[in-house]
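Q: Take a look at this one; I'll ask things after.
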Amino acid sequence: MLYVCYTIFAALDFMENGMVAIISPQYSALGRVISYIANELQVPLLSFSETESTMPSVDFPFLVKAAQSDMFQMSAIAEIVDYYEWRDVSAIYVDDDFGRHGVAVLGDKLAEKNCRIAFKASISRKASKYEIITVLAKVEKMESRILVLHTHEDWGLEVFEVAKEQGMMDAGYVWITTDWLSTVLDTNFPFLSKAHDDIEGVLTLRMHIPDSQNKREFTSRWDSLTVGKSSNGSIGLNAYGLYMYDTVWLLAYAIDEFLNQGNHVEFSNYTEFVQSSGRSLHVDYMPIFNNGNLLLQSILKANAAGVTGTMRFTDDGLLVHPSYEIINVIGNSLRKIGYWSNGSGLSVVSPEIEDSKSKPLNSSSTSSKGRLYGVIWPGQTAVKPRGWTYYPHGGKSLRIGVPLQYLFPEVLHKVEGTNSYAGFCIDVFTAAHDLLPYSNIPYEFVHAFDSNHYETVNKELRLVQNGVIDTLVGGIAILVDRTRIVDFTQPYIESGLVVVAPVKKLKSSIWAFSRPFTPMMWLIIGISCLIVGTVIWIMERRTNDKFRGSPRQQLETILRFSFSTLFNAQKENIVSSLSQFLLIVWLFVVLIINSTYTATLSSILTVEKLSSKITGIDSLISRDVPIGYHKGSFVRSYLVDELRIHPSRLVPLSSLQEYEKTLVNGDVAAIVAERVFMELFVSTRCQFTIVGNDFAKLSWGFPFQRDSPLALDMSTAILKLSESGELQRIRDKWLKQNICSKEGAKEEVERLQLKSFSGLFYLCGLSGLIILLLYFIKVVRQFMKHYRNESQSSSLCSKSSIFHSFVSFVCEKEDKDKKIVSSPTDQD
């Protein structure tokens, strides 16, 4: 502070002699004070080191920043954090305006990326090593392993030295620094051999200065000038040194332009300062630069090409096209892994190429955006660190909330005589816990809530939200209002709301056997039997004695044969090949009909034994009957708010005994609850059943604090359990029951319609028509042969005689021994 005050007074003393411009000092506190003075004296202030973004141009119109603002540097860090999919960082910063303002900007930029500063650790500028150790010890206890160090050059390396001693430079940690580290390394590189061991794997930023002929020539001249000036050889040249060089030349060009425009250097006295008695500094006679605004405009309009490239400014006095290089410290070398610019973001291509307007972006340059080269992280690993750990060094155990009591021990119960718990939820949690990517996280179960009260569950979720407990087990349903206060893991079981109703055993009707088919179906079956029997009789009666006889005998044969085919019990032998083919088709149809009839009748008789008037949530809503629900459950609000059921119809129940008693006595028509619970309930109570389908899809998950990385890791572990089949094995172990009642009982099974078998009947009918046609053709051919023989022996030939002859021919039995039956005249 004494140095700053002395410097301020020295600057004021120098200002008494009149000046047209100021090149800023190094420190922000000093630069801020001088900025006020520059405003009053209307003198342009050029800063090659002032990066603080909280000095707006409105308050400091004469300040021109010839270096890049911290606002852009913090934007670059925020994009790096987001690029590697980290969310929480710990910020370590110097406790002054420079550090506090920089971290504030970092917090804003991280928030834009849905990230945050989880912990802030400030260190005094004159901190001792013990104070640094104390601060880093606090940082080490935090979950975040992404550490951003924003400080000055004087003690930044000491922080890394202490971090190395405390094991905070090992694998798993990520260190990102602002450009102070690259400034130190560029100035002293490669002579910081010990420091390089301490900063192995660190990422740092450096103001990007394009390679150019001017830069190479100036660097060569600088090396020649500084050889032998340092015990280590030449003095390194950092980015701020290059910007300082260009700042001086830029001011010289601006003054030259100012004078060439015919402007003059004129001053007037500033009389608003009050002279302090006893001091030799006459501030009341400080000169005001009358044409300061004109010189300021010459500076802002300058377009000079220097060693840092073309220096141009915005109207706010900021450099255009700010950009940074992202440096990875690897051993004794600095590896450039990419760039960040305000225009194109992260890229492995330099900003001047990325932003070039002279050439269209080709596919390679497009693919270079939004990515970086590989990094060697602390601990000499190329694997991207997770970025966080849970309760390092076993300093704290997970506190797992469990209910005081639970209705179903299969879901959760306390092991008698111990402090441990068992059940489906416990097995899922422990199996997922064992798959977490960090080892030996201790945990303990604590009594958290009474599962009988939904309001208590929400209260305990508030404890999770506030970090009092870490998570809850015991069938915690994922609901919209709950997701507003906590983050849930991936669901580990699907549930849903169902209706449970009592079932009664009913007596079967005397006509129950007819119920599988509709009346139309029965009618078509009967007609089909008669048609098939008639067709076969027609084709068999000329050759088969079983199908001949008196008209009465033939009618009995048709009826007996037709209906006996339904059971494949026909006694008559079939001799015609056409008849045999038709019978095969018909027997196939009969086989399908018999099989379907048997299965449907079995279902009907089963449902008749177990029947309920309630068939699902729709019938329950439509009936004006009482509905049971678990006391305090979210089911009540769902039924009232979503399904518009009047609250007077809802009956709260507290125990399984109440469930059973109210259903048996008829105090409630049905109970609405979660499927997982109700499957367990009906598995040992055969007088009840689940009716209908799920009408509200729900899932169970483990709740954690909002934005907790542990929720994401547990979700990943649950997915691994699901993919490996272990989650299903755990479910089968605890929840797979022998359900004695038929789920989803209906008042009646749907009867089979004619439409279901129309294809079979069409097939059979088409086969019969084709066979009749073939048979008719065969008989006609035989008659034509017979008719030709008769016409030769008889001279009388008329249409009526031909028809009578054909009818007689068809009715006669076919003689296999004669091709044509002789007429009586021939026999005489």
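Chain labels follow the order of the structure tokens: the first chain is A, the next B, and so on; residue numbering restarts at 1 in every chain, and ligands are counted from 1 in their shown order.
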For segment 459-473 of chain A, find every residue with an atom within 7 Å (counting only C-alpha atoms), except residues of its own chain fewer than 6 positions away, and show them as a ChimeraX atom specification.

A: /A:398-402,425,448-449,485-486,702-706

Q: Give me, as a list in words, all polymer residues having an atom no more than 8 Å from Val162 of chain A, counting only C-alpha atoms and skipping those fewer than 5 positions away in the same chain.

A: Lys129, Ile132 and Ile133 of chain A

Q: Check segment 295-414 of chain A with DSSP on the backbone and list each residue it calls strand (DSSP E or B), as a tab-separated table (two decimals) with all heavy atoms, in the first residue's frame.

A:
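Saved result, selection39.tsv, follows:
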chain	number	residue	atom	x	y	z
A	304	ALA	N	-2.90	0.56	-36.30
A	304	ALA	CA	-1.47	0.36	-36.47
A	304	ALA	C	-1.12	-1.11	-36.40
A	304	ALA	O	-1.65	-1.85	-35.57
A	304	ALA	CB	-0.71	1.13	-35.41
A	305	ALA	N	-0.21	-1.54	-37.26
A	305	ALA	CA	0.28	-2.91	-37.27
A	305	ALA	C	1.55	-2.97	-36.46
A	305	ALA	O	2.57	-2.38	-36.83
A	305	ALA	CB	0.51	-3.40	-38.69
A	306	GLY	N	1.49	-3.69	-35.32
A	306	GLY	CA	2.66	-3.80	-34.47
A	306	GLY	C	3.09	-5.24	-34.32
A	306	GLY	O	2.71	-6.12	-35.11
A	309	GLY	N	0.23	-7.60	-33.81
A	309	GLY	CA	-0.76	-7.61	-34.86
A	309	GLY	C	-1.36	-6.23	-35.02
A	309	GLY	O	-0.83	-5.23	-34.52
A	310	THR	N	-2.48	-6.17	-35.69
A	310	THR	CA	-3.15	-4.89	-35.90
A	310	THR	C	-3.92	-4.52	-34.64
A	310	THR	O	-4.80	-5.25	-34.20
A	310	THR	CB	-4.11	-4.97	-37.09
A	310	THR	OG1	-3.37	-5.34	-38.26
A	310	THR	CG2	-4.79	-3.63	-37.31
A	311	MET	N	-3.56	-3.36	-34.05
A	311	MET	CA	-4.24	-2.91	-32.84
A	311	MET	C	-5.36	-1.96	-33.23
A	311	MET	O	-5.12	-0.87	-33.76
A	311	MET	CB	-3.25	-2.21	-31.90
A	311	MET	CG	-2.20	-3.14	-31.31
A	311	MET	SD	-1.20	-2.33	-30.03
A	311	MET	CE	-2.41	-2.15	-28.72
A	313	PHE	N	-9.41	-0.59	-31.73
A	313	PHE	CA	-10.21	-0.50	-30.51
A	313	PHE	C	-11.69	-0.30	-30.86
A	313	PHE	O	-12.04	0.26	-31.90
A	313	PHE	CB	-9.74	0.67	-29.62
A	313	PHE	CG	-8.33	0.53	-29.16
A	313	PHE	CD1	-7.29	1.14	-29.84
A	313	PHE	CD2	-8.03	-0.23	-28.04
A	313	PHE	CE1	-5.98	1.02	-29.43
A	313	PHE	CE2	-6.72	-0.36	-27.60
A	313	PHE	CZ	-5.69	0.26	-28.30
A	319	LEU	N	-9.84	-3.72	-27.00
A	319	LEU	CA	-9.28	-4.31	-28.20
A	319	LEU	C	-10.32	-5.16	-28.92
A	319	LEU	O	-11.11	-5.87	-28.29
A	319	LEU	CB	-8.07	-5.19	-27.85
A	319	LEU	CG	-6.75	-4.48	-27.54
A	319	LEU	CD1	-5.72	-5.50	-27.10
A	319	LEU	CD2	-6.24	-3.71	-28.75
A	323	SER	N	-8.64	-12.83	-28.07
A	323	SER	CA	-8.43	-14.27	-28.21
A	323	SER	C	-7.31	-14.71	-27.28
A	323	SER	O	-6.44	-13.92	-26.88
A	323	SER	CB	-8.10	-14.63	-29.66
A	323	SER	OG	-6.94	-13.93	-30.10
A	324	TYR	N	-7.34	-15.99	-26.94
A	324	TYR	CA	-6.36	-16.56	-26.03
A	324	TYR	C	-5.87	-17.90	-26.57
A	324	TYR	O	-6.60	-18.60	-27.28
A	324	TYR	CB	-6.96	-16.79	-24.63
A	324	TYR	CG	-7.14	-15.52	-23.83
A	324	TYR	CD1	-8.30	-14.77	-23.95
A	324	TYR	CD2	-6.16	-15.09	-22.97
A	324	TYR	CE1	-8.47	-13.60	-23.22
A	324	TYR	CE2	-6.31	-13.92	-22.24
A	324	TYR	CZ	-7.47	-13.19	-22.36
A	324	TYR	OH	-7.63	-12.03	-21.64
A	325	GLU	N	-4.65	-18.22	-26.21
A	325	GLU	CA	-4.12	-19.55	-26.43
A	325	GLU	C	-4.30	-20.37	-25.15
A	325	GLU	O	-4.18	-19.84	-24.04
A	325	GLU	CB	-2.63	-19.48	-26.79
A	325	GLU	CG	-2.35	-18.70	-28.06
A	325	GLU	CD	-0.86	-18.47	-28.27
A	325	GLU	OE1	-0.07	-18.91	-27.40
A	325	GLU	OE2	-0.48	-17.82	-29.26
A	326	ILE	N	-4.60	-21.65	-25.31
A	326	ILE	CA	-4.77	-22.55	-24.16
A	326	ILE	C	-3.53	-23.43	-24.10
A	326	ILE	O	-3.23	-24.18	-25.04
A	326	ILE	CB	-6.05	-23.38	-24.30
A	326	ILE	CG1	-7.25	-22.45	-24.48
A	326	ILE	CG2	-6.26	-24.26	-23.07
A	326	ILE	CD1	-8.52	-23.18	-24.84
A	327	ILE	N	-2.79	-23.29	-23.00
A	327	ILE	CA	-1.47	-23.91	-22.87
A	327	ILE	C	-1.55	-25.03	-21.83
A	327	ILE	O	-2.14	-24.88	-20.76
A	327	ILE	CB	-0.42	-22.88	-22.44
A	327	ILE	CG1	-0.43	-21.68	-23.40
A	327	ILE	CG2	0.96	-23.52	-22.37
A	327	ILE	CD1	-0.08	-22.03	-24.82
A	328	ASN	N	-0.92	-26.16	-22.16
A	328	ASN	CA	-0.79	-27.29	-21.23
A	328	ASN	C	0.69	-27.42	-20.86
A	328	ASN	O	1.55	-27.59	-21.74
A	328	ASN	CB	-1.29	-28.56	-21.91
A	328	ASN	CG	-1.27	-29.78	-20.99
A	328	ASN	OD1	-1.22	-30.91	-21.45
A	328	ASN	ND2	-1.34	-29.58	-19.70
A	329	VAL	N	0.98	-27.31	-19.56
A	329	VAL	CA	2.37	-27.44	-19.08
A	329	VAL	C	2.70	-28.92	-19.00
A	329	VAL	O	2.09	-29.67	-18.23
A	329	VAL	CB	2.55	-26.77	-17.72
A	329	VAL	CG1	4.00	-26.88	-17.26
A	329	VAL	CG2	2.11	-25.31	-17.78
A	330	ILE	N	3.68	-29.36	-19.80
A	330	ILE	CA	4.09	-30.76	-19.82
A	330	ILE	C	5.60	-30.81	-19.65
A	330	ILE	O	6.36	-30.45	-20.56
A	330	ILE	CB	3.69	-31.45	-21.14
A	330	ILE	CG1	2.19	-31.30	-21.40
A	330	ILE	CG2	4.07	-32.92	-21.12
A	330	ILE	CD1	1.76	-31.84	-22.73
A	333	SER	N	8.17	-28.24	-21.12
A	333	SER	CA	7.66	-27.65	-22.35
A	333	SER	C	6.24	-27.13	-22.14
A	333	SER	O	5.55	-27.54	-21.21
A	333	SER	CB	7.68	-28.68	-23.49
A	333	SER	OG	6.81	-29.75	-23.19
A	334	LEU	N	5.87	-26.23	-23.02
A	334	LEU	CA	4.52	-25.67	-23.01
A	334	LEU	C	3.85	-26.10	-24.31
A	334	LEU	O	4.32	-25.75	-25.40
A	334	LEU	CB	4.55	-24.15	-22.90
A	334	LEU	CG	5.31	-23.56	-21.71
A	334	LEU	CD1	5.28	-22.04	-21.76
A	334	LEU	CD2	4.71	-24.06	-20.40
A	335	ARG	N	2.76	-26.87	-24.20
A	335	ARG	CA	2.09	-27.39	-25.39
A	335	ARG	C	0.78	-26.65	-25.61
A	335	ARG	O	-0.05	-26.56	-24.71
A	335	ARG	CB	1.81	-28.89	-25.24
A	335	ARG	CG	1.13	-29.52	-26.44
A	335	ARG	CD	1.11	-31.03	-26.31
A	335	ARG	NE	0.41	-31.65	-27.43
A	335	ARG	CZ	-0.87	-32.01	-27.40
A	335	ARG	NH1	-1.59	-31.81	-26.30
A	335	ARG	NH2	-1.44	-32.57	-28.45
A	336	LYS	N	0.62	-26.12	-26.81
A	336	LYS	CA	-0.59	-25.39	-27.15
A	336	LYS	C	-1.65	-26.41	-27.58
A	336	LYS	O	-1.47	-27.13	-28.55
A	336	LYS	CB	-0.29	-24.41	-28.28
A	336	LYS	CG	-1.39	-23.39	-28.54
A	336	LYS	CD	-1.01	-22.53	-29.74
A	336	LYS	CE	0.32	-21.81	-29.51
A	336	LYS	NZ	0.71	-20.99	-30.67
A	337	ILE	N	-2.77	-26.47	-26.85
A	337	ILE	CA	-3.81	-27.45	-27.16
A	337	ILE	C	-4.99	-26.83	-27.90
A	337	ILE	O	-5.93	-27.55	-28.29
A	337	ILE	CB	-4.32	-28.16	-25.89
A	337	ILE	CG1	-5.00	-27.15	-24.96
A	337	ILE	CG2	-3.19	-28.88	-25.19
A	337	ILE	CD1	-5.77	-27.81	-23.82
A	338	GLY	N	-4.99	-25.53	-28.08
A	338	GLY	CA	-6.08	-24.90	-28.81
A	338	GLY	C	-6.14	-23.41	-28.56
A	338	GLY	O	-5.24	-22.81	-27.94
A	339	TYR	N	-7.21	-22.82	-29.07
A	339	TYR	CA	-7.41	-21.38	-28.96
A	339	TYR	C	-8.83	-21.11	-28.49
A	339	TYR	O	-9.73	-21.95	-28.62
A	339	TYR	CB	-7.20	-20.69	-30.32
A	339	TYR	CG	-5.85	-20.93	-30.95
A	339	TYR	CD1	-5.62	-22.06	-31.74
A	339	TYR	CD2	-4.81	-20.03	-30.78
A	339	TYR	CE1	-4.39	-22.27	-32.34
A	339	TYR	CE2	-3.58	-20.23	-31.37
A	339	TYR	CZ	-3.38	-21.35	-32.14
A	339	TYR	OH	-2.15	-21.56	-32.74
A	340	TRP	N	-9.01	-19.91	-27.97
A	340	TRP	CA	-10.35	-19.39	-27.70
A	340	TRP	C	-10.40	-17.97	-28.23
A	340	TRP	O	-9.48	-17.17	-28.00
A	340	TRP	CB	-10.67	-19.38	-26.22
A	340	TRP	CG	-12.05	-18.77	-25.96
A	340	TRP	CD1	-13.22	-19.42	-25.88
A	340	TRP	CD2	-12.34	-17.38	-25.76
A	340	TRP	NE1	-14.26	-18.55	-25.67
A	340	TRP	CE2	-13.75	-17.28	-25.59
A	340	TRP	CE3	-11.58	-16.21	-25.73
A	340	TRP	CZ2	-14.39	-16.07	-25.38
A	340	TRP	CZ3	-12.23	-15.00	-25.53
A	340	TRP	CH2	-13.61	-14.93	-25.34
A	341	SER	N	-11.47	-17.67	-28.95
A	341	SER	CA	-11.68	-16.30	-29.41
A	341	SER	C	-13.13	-15.93	-29.16
A	341	SER	O	-14.01	-16.79	-29.08
A	341	SER	CB	-11.34	-16.14	-30.89
A	341	SER	OG	-12.30	-16.79	-31.70
A	345	GLY	N	-15.11	-19.10	-30.41
A	345	GLY	CA	-15.06	-20.00	-29.27
A	345	GLY	C	-13.82	-20.86	-29.30
A	345	GLY	O	-12.75	-20.45	-29.75
A	346	LEU	N	-13.94	-22.10	-28.81
A	346	LEU	CA	-12.81	-23.02	-28.76
A	346	LEU	C	-12.53	-23.59	-30.14
A	346	LEU	O	-13.45	-23.89	-30.91
A	346	LEU	CB	-13.11	-24.17	-27.79
A	346	LEU	CG	-13.31	-23.80	-26.32
A	346	LEU	CD1	-13.64	-25.05	-25.50
A	346	LEU	CD2	-12.08	-23.12	-25.75
A	347	SER	N	-11.25	-23.75	-30.44
A	347	SER	CA	-10.87	-24.31	-31.74
A	347	SER	C	-9.41	-24.69	-31.69
A	347	SER	O	-8.63	-24.18	-30.87
A	347	SER	CB	-11.11	-23.28	-32.85
A	347	SER	OG	-10.64	-23.78	-34.09
A	369	LYS	N	-13.72	-26.46	-35.01
A	369	LYS	CA	-14.40	-25.64	-34.02
A	369	LYS	C	-14.92	-26.50	-32.88
A	369	LYS	O	-15.32	-27.64	-33.06
A	369	LYS	CB	-15.57	-24.88	-34.66
A	369	LYS	CG	-15.15	-23.72	-35.55
A	369	LYS	CD	-16.38	-22.94	-36.00
A	369	LYS	CE	-15.97	-21.75	-36.84
A	369	LYS	NZ	-17.13	-20.95	-37.27
A	377	TRP	N	-2.90	-34.41	-17.98
A	377	TRP	CA	-3.42	-33.82	-16.75
A	377	TRP	C	-2.46	-34.07	-15.59
A	377	TRP	O	-1.53	-34.87	-15.71
A	377	TRP	CB	-4.79	-34.41	-16.43
A	377	TRP	CG	-5.80	-34.27	-17.53
A	377	TRP	CD1	-6.15	-35.20	-18.45
A	377	TRP	CD2	-6.54	-33.08	-17.85
A	377	TRP	NE1	-7.08	-34.69	-19.33
A	377	TRP	CE2	-7.35	-33.40	-18.98
A	377	TRP	CE3	-6.62	-31.80	-17.31
A	377	TRP	CZ2	-8.21	-32.48	-19.55
A	377	TRP	CZ3	-7.49	-30.89	-17.88
A	377	TRP	CH2	-8.27	-31.22	-18.99
A	381	THR	N	-1.52	-38.25	-16.58
A	381	THR	CA	-2.53	-39.11	-17.18
A	381	THR	C	-3.21	-38.36	-18.32
A	381	THR	O	-3.40	-37.13	-18.26
A	381	THR	CB	-3.58	-39.55	-16.15
A	381	THR	OG1	-4.61	-40.30	-16.81
A	381	THR	CG2	-4.22	-38.35	-15.46
A	388	TRP	N	-14.59	-34.24	-9.84
A	388	TRP	CA	-15.11	-34.14	-8.47
A	388	TRP	C	-14.91	-35.49	-7.79
A	388	TRP	O	-14.68	-36.51	-8.40
A	388	TRP	CB	-16.59	-33.77	-8.48
A	388	TRP	CG	-17.51	-34.93	-8.71
A	388	TRP	CD1	-17.71	-35.61	-9.87
A	388	TRP	CD2	-18.32	-35.57	-7.74
A	388	TRP	NE1	-18.60	-36.61	-9.70
A	388	TRP	CE2	-19.01	-36.62	-8.40
A	388	TRP	CE3	-18.57	-35.35	-6.38
A	388	TRP	CZ2	-19.90	-37.45	-7.73
A	388	TRP	CZ3	-19.46	-36.18	-5.73
A	388	TRP	CH2	-20.11	-37.21	-6.40
A	398	LEU	N	-21.92	-41.13	3.83
A	398	LEU	CA	-23.23	-40.89	3.25
A	398	LEU	C	-24.30	-41.18	4.30
A	398	LEU	O	-24.26	-42.21	4.97
A	398	LEU	CB	-23.47	-41.80	2.05
A	398	LEU	CG	-22.94	-41.36	0.68
A	398	LEU	CD1	-23.10	-42.51	-0.30
A	398	LEU	CD2	-23.67	-40.15	0.19
A	399	ARG	N	-25.24	-40.28	4.45
A	399	ARG	CA	-26.34	-40.49	5.38
A	399	ARG	C	-27.58	-40.86	4.57
A	399	ARG	O	-28.12	-40.05	3.83
A	399	ARG	CB	-26.59	-39.22	6.21
A	399	ARG	CG	-25.44	-38.92	7.17
A	399	ARG	CD	-25.60	-37.56	7.84
A	399	ARG	NE	-26.85	-37.45	8.57
A	399	ARG	CZ	-27.04	-37.90	9.82
A	399	ARG	NH1	-26.05	-38.50	10.46
A	399	ARG	NH2	-28.22	-37.76	10.41
A	400	ILE	N	-28.00	-42.13	4.72
A	400	ILE	CA	-29.10	-42.67	3.94
A	400	ILE	C	-30.35	-42.70	4.81
A	400	ILE	O	-30.39	-43.41	5.82
A	400	ILE	CB	-28.78	-44.09	3.43
A	400	ILE	CG1	-27.36	-44.14	2.83
A	400	ILE	CG2	-29.82	-44.53	2.43
A	400	ILE	CD1	-27.15	-43.21	1.69
A	401	GLY	N	-31.34	-41.92	4.43
A	401	GLY	CA	-32.58	-41.89	5.19
A	401	GLY	C	-33.46	-43.09	4.89
A	401	GLY	O	-33.67	-43.45	3.74
A	402	VAL	N	-33.98	-43.74	5.95
A	402	VAL	CA	-34.89	-44.87	5.82
A	402	VAL	C	-36.13	-44.61	6.67
A	402	VAL	O	-36.06	-43.89	7.68
A	402	VAL	CB	-34.22	-46.19	6.26
A	402	VAL	CG1	-33.10	-46.56	5.32
A	402	VAL	CG2	-33.71	-46.10	7.68
A	403	PRO	N	-37.28	-45.17	6.30
A	403	PRO	CA	-38.50	-44.94	7.08
A	403	PRO	C	-38.48	-45.68	8.40
A	403	PRO	O	-37.80	-46.69	8.56
A	403	PRO	CB	-39.60	-45.46	6.16
A	403	PRO	CG	-38.92	-46.47	5.30
A	403	PRO	CD	-37.53	-45.96	5.10
A	413	HIS	N	-37.02	-53.47	5.12
A	413	HIS	CA	-37.26	-53.81	6.52
A	413	HIS	C	-35.94	-53.81	7.27
A	413	HIS	O	-34.86	-53.94	6.66
A	413	HIS	CB	-37.94	-55.18	6.64
A	413	HIS	CG	-37.06	-56.33	6.24
A	413	HIS	ND1	-36.93	-56.73	4.92
A	413	HIS	CD2	-36.24	-57.15	6.96
A	413	HIS	CE1	-36.10	-57.75	4.84
A	413	HIS	NE2	-35.66	-58.02	6.07
A	414	LYS	N	-36.04	-53.63	8.55
A	414	LYS	CA	-34.86	-53.67	9.40
A	414	LYS	C	-34.60	-55.10	9.84
A	414	LYS	O	-35.52	-55.81	10.26
A	414	LYS	CB	-35.05	-52.78	10.62
A	414	LYS	CG	-33.80	-52.65	11.49
A	414	LYS	CD	-34.01	-51.65	12.61
A	414	LYS	CE	-32.72	-51.49	13.42
A	414	LYS	NZ	-32.88	-50.51	14.52

Q: One decimal, in Å: what's the spacing between atom CA of Pro210 of chain A and atom CA of Asp82 of chain A?

A: 26.1 Å

Q: Between A:Asp707, A:Ile288, A:Gly262, A:Lys126, single out the one closest to Ala38 of chain A, counting only C-alpha atoms.

A: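 Closest to Ala38 of chain A of all the choices is A:Ile288.
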
Q: If we count only C-alpha atoms, what is near Phe119 of chain A at a cut-off of 8 Å, once residues fewer than 3 positions away on the same chain are taken out, given as number ranges by chain?

A: A: 89-91, 139, 142

Q: Using only C-alpha atoms, which residues sit within 12 Å of Met169 of chain A once same-chain residues fewer than 5 positions away are excluded, as number ranges by chain?

A: A: 136, 140, 145-147, 159-164, 174-176, 196-202, 377-381

Q: Could you write those residues out with N, CA and C atoms, as a compact mmCIF listing (two decimals), in the first residue's frame?

A:
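Wrote it out as result.txt, contents follow:
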# COMPACT_ATOMS: atom_id res chain seq x y z
N LEU A 136 -5.73 -24.05 1.17
CA LEU A 136 -5.78 -25.22 0.31
C LEU A 136 -6.37 -26.43 1.04
N GLU A 140 -9.36 -28.64 -0.40
CA GLU A 140 -9.23 -30.09 -0.55
C GLU A 140 -10.44 -30.84 0.00
N ARG A 145 -13.02 -30.95 -7.93
CA ARG A 145 -11.60 -31.11 -8.20
C ARG A 145 -11.16 -30.24 -9.37
N ILE A 146 -12.01 -29.29 -9.78
CA ILE A 146 -11.67 -28.32 -10.81
C ILE A 146 -11.29 -27.03 -10.10
N LEU A 147 -10.02 -26.69 -10.11
CA LEU A 147 -9.51 -25.55 -9.35
C LEU A 147 -9.04 -24.46 -10.31
N VAL A 159 1.60 -21.23 -4.43
CA VAL A 159 0.37 -22.01 -4.24
C VAL A 159 0.56 -23.41 -4.81
N PHE A 160 1.18 -23.51 -5.98
CA PHE A 160 1.40 -24.82 -6.58
C PHE A 160 2.41 -25.63 -5.77
N GLU A 161 3.38 -24.97 -5.19
CA GLU A 161 4.36 -25.68 -4.35
C GLU A 161 3.67 -26.33 -3.16
N VAL A 162 2.77 -25.57 -2.52
CA VAL A 162 2.04 -26.12 -1.38
C VAL A 162 1.08 -27.22 -1.85
N ALA A 163 0.42 -27.01 -2.99
CA ALA A 163 -0.50 -28.01 -3.51
C ALA A 163 0.22 -29.31 -3.81
N LYS A 164 1.44 -29.22 -4.31
CA LYS A 164 2.23 -30.41 -4.59
C LYS A 164 2.52 -31.16 -3.29
N VAL A 174 -7.75 -31.00 -11.47
CA VAL A 174 -7.60 -30.16 -12.66
C VAL A 174 -7.30 -28.74 -12.18
N TRP A 175 -6.20 -28.18 -12.67
CA TRP A 175 -5.83 -26.81 -12.34
C TRP A 175 -5.88 -25.96 -13.60
N ILE A 176 -6.62 -24.87 -13.52
CA ILE A 176 -6.70 -23.91 -14.62
C ILE A 176 -6.33 -22.54 -14.06
N HIS A 196 8.42 -26.30 -12.67
CA HIS A 196 7.78 -27.15 -13.66
C HIS A 196 7.32 -28.47 -13.05
N ASP A 197 8.02 -28.97 -12.08
CA ASP A 197 7.58 -30.18 -11.39
C ASP A 197 6.28 -29.92 -10.62
N ASP A 198 6.14 -28.71 -10.12
CA ASP A 198 4.96 -28.38 -9.32
C ASP A 198 3.73 -28.11 -10.18
N ILE A 199 3.93 -27.71 -11.42
CA ILE A 199 2.79 -27.31 -12.26
C ILE A 199 2.57 -28.27 -13.42
N GLU A 200 3.06 -29.49 -13.28
CA GLU A 200 2.87 -30.50 -14.33
C GLU A 200 1.38 -30.74 -14.59
N GLY A 201 0.93 -30.59 -15.84
CA GLY A 201 -0.45 -30.87 -16.20
C GLY A 201 -1.40 -29.69 -16.07
N VAL A 202 -0.89 -28.52 -15.67
CA VAL A 202 -1.75 -27.35 -15.48
C VAL A 202 -2.15 -26.77 -16.83
N TRP A 377 -2.90 -34.41 -17.98
CA TRP A 377 -3.42 -33.82 -16.75
C TRP A 377 -2.46 -34.07 -15.59
N PRO A 378 -2.67 -33.42 -14.46
CA PRO A 378 -1.85 -33.72 -13.28
C PRO A 378 -1.87 -35.22 -12.97
N GLY A 379 -0.73 -35.71 -12.53
CA GLY A 379 -0.59 -37.15 -12.35
C GLY A 379 -0.13 -37.85 -13.61
N GLN A 380 0.21 -37.07 -14.65
CA GLN A 380 0.71 -37.58 -15.92
C GLN A 380 -0.26 -38.61 -16.53
N THR A 381 -1.52 -38.25 -16.58
CA THR A 381 -2.53 -39.11 -17.18
C THR A 381 -3.21 -38.36 -18.32

Q: For a quick check of understanding, using only C-alpha atoms, which of A:Val320, A:Leu760, A:Met244, A:Ile441 has the smallest distance to Gln68 of chain A?

A: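 Closest to Gln68 of chain A, using only C-alpha atoms: A:Val320.
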
Q: Calculated over only C-alpha atoms, which of the candidates A:Ile730, A:Lys778, A:Ile37, A:Leu656 has the smallest distance to Ala422 of chain A?

A: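 Checking each of A:Ile730, A:Lys778, A:Ile37, A:Leu656 against Ala422 of chain A, counting only C-alpha atoms, the winner is A:Ile730.
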